[in-house]
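Participant: Attaching a single structure in structure tokens format; questions to follow.
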Amino acid sequence: YVDDTGIVGFRWAAPQEIGDVGVEDAAVLPFDEIMKVFTGTFLVASSWSNSPASSIAFQISQIRFGYLRVRDADVYDRGLLIPVWDFYGELTYDPDGDLPETTQRYDQSMFTINAIDGSIIDRQQGY
């Protein structure tokens, strides 16, 4: 989008080519198994686990089932579309014990779990 001051915004759509179906009728784990993975690994696997903050609190407000393109570790433009569970909510972070800051993360998953095998997916890495 352009106005008299220049570019003020843009939208980019990344087209994907869908290849062969690797596995038909893949079974997903029961949701209670997903919750066991979440409760057992969320705080340890979270990128905030090594933070020097005096306090960190998470409030999960939404859990969504969907699909994620997981890229091959060595090839940026090739990957698999897999079912995942995403956890969204709020993060309250107190960096120095003085004044906590709250960040709402309703548009960015705080934690992603592969619905087929229960592995944790790092969305920043893409796998």
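So you can find residues: chains in the structure tokens are A, B, ... in the order shown, residues in each start at 1, and ligands are numbered from 1 in order.
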As a PyMOL selection string, list the residues of segment 22-97 of chain A assigned to alpha helix (DSSP H) by DSSP on the backbone atoms of this structure.
Facilitator: chain A and resi 31-45
Participant: Residues at most 9 Å from Leu80 of chain A, counting only C-alpha atoms, excluding those fewer than 3 positions away in the same chain, as a list in words?
Facilitator: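 Counting only the stated atoms, we get Gly22, Leu68, Arg69, Val70, Arg71 and Asp72 of chain A.
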Participant: Could those residues be written to a file, using N, CA and C atoms, as a PDB file, in the first residue's frame?
Facilitator:
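Saved file out.pdb follows:
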ATOM      1  N   GLY A  22       2.223 -38.225   1.675  1.00  0.00           N
ATOM      2  CA  GLY A  22       3.179 -39.168   2.245  1.00  0.00           C
ATOM      3  C   GLY A  22       2.509 -40.270   3.034  1.00  0.00           C
ATOM      4  N   LEU A  68       0.651 -27.235  10.032  1.00  0.00           N
ATOM      5  CA  LEU A  68       1.872 -26.449   9.937  1.00  0.00           C
ATOM      6  C   LEU A  68       2.773 -27.073   8.889  1.00  0.00           C
ATOM      7  N   ARG A  69       3.351 -26.228   8.085  1.00  0.00           N
ATOM      8  CA  ARG A  69       4.358 -26.705   7.135  1.00  0.00           C
ATOM      9  C   ARG A  69       5.687 -26.765   7.876  1.00  0.00           C
ATOM     10  N   VAL A  70       6.185 -27.967   8.068  1.00  0.00           N
ATOM     11  CA  VAL A  70       7.457 -28.182   8.733  1.00  0.00           C
ATOM     12  C   VAL A  70       8.497 -28.396   7.637  1.00  0.00           C
ATOM     13  N   ARG A  71       9.491 -27.513   7.596  1.00  0.00           N
ATOM     14  CA  ARG A  71      10.478 -27.620   6.528  1.00  0.00           C
ATOM     15  C   ARG A  71      11.506 -28.691   6.845  1.00  0.00           C
ATOM     16  N   ASP A  72      12.105 -29.217   5.797  1.00  0.00           N
ATOM     17  CA  ASP A  72      13.227 -30.130   5.973  1.00  0.00           C
ATOM     18  C   ASP A  72      14.359 -29.347   6.611  1.00  0.00           C
TER      19      ASP A  72
END
Participant: Just the residues within 12 Å of Thr39 of chain A, please, counting only C-alpha atoms, with nothing from its chain fewer than 5 positions along; format it as an NGL selection string.
Facilitator: :A and (32-34 or 44-46 or 60 or 87 or 111 or 113)
Participant: Between A:Gln124, A:Gln104, A:Ser119, A:Ser109, which one has atoms that come closest to Phe65 of chain A, using only C-alpha atoms?
Facilitator: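 Looking only at the distances to Phe65 of chain A, the closest residue turns out to be A:Ser109.
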Participant: With only C-alpha atoms as the basis for distance, which of A:Gly89, A:Pro100, A:Gly118, A:Gly66 is at the shortest distance from Phe31 of chain A?
Facilitator: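 Counting only C-alpha atoms, the residue closest to Phe31 of chain A is A:Gly118.
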Participant: Just to confirm, what's the straight-line distance from atom CA of Arg123 of chain A to atom CA of Asp86 of chain A in Å (one decimal)?
Facilitator: 10.4 Å
Participant: Nearest to Ile82 of chain A among A:Phe10, A:Tyr67, A:Val37, A:Ala26, with distances taken over only C-alpha atoms: which residue is it?
Facilitator: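 Ranked by minimum distance to Ile82 of chain A, first place goes to A:Tyr67.
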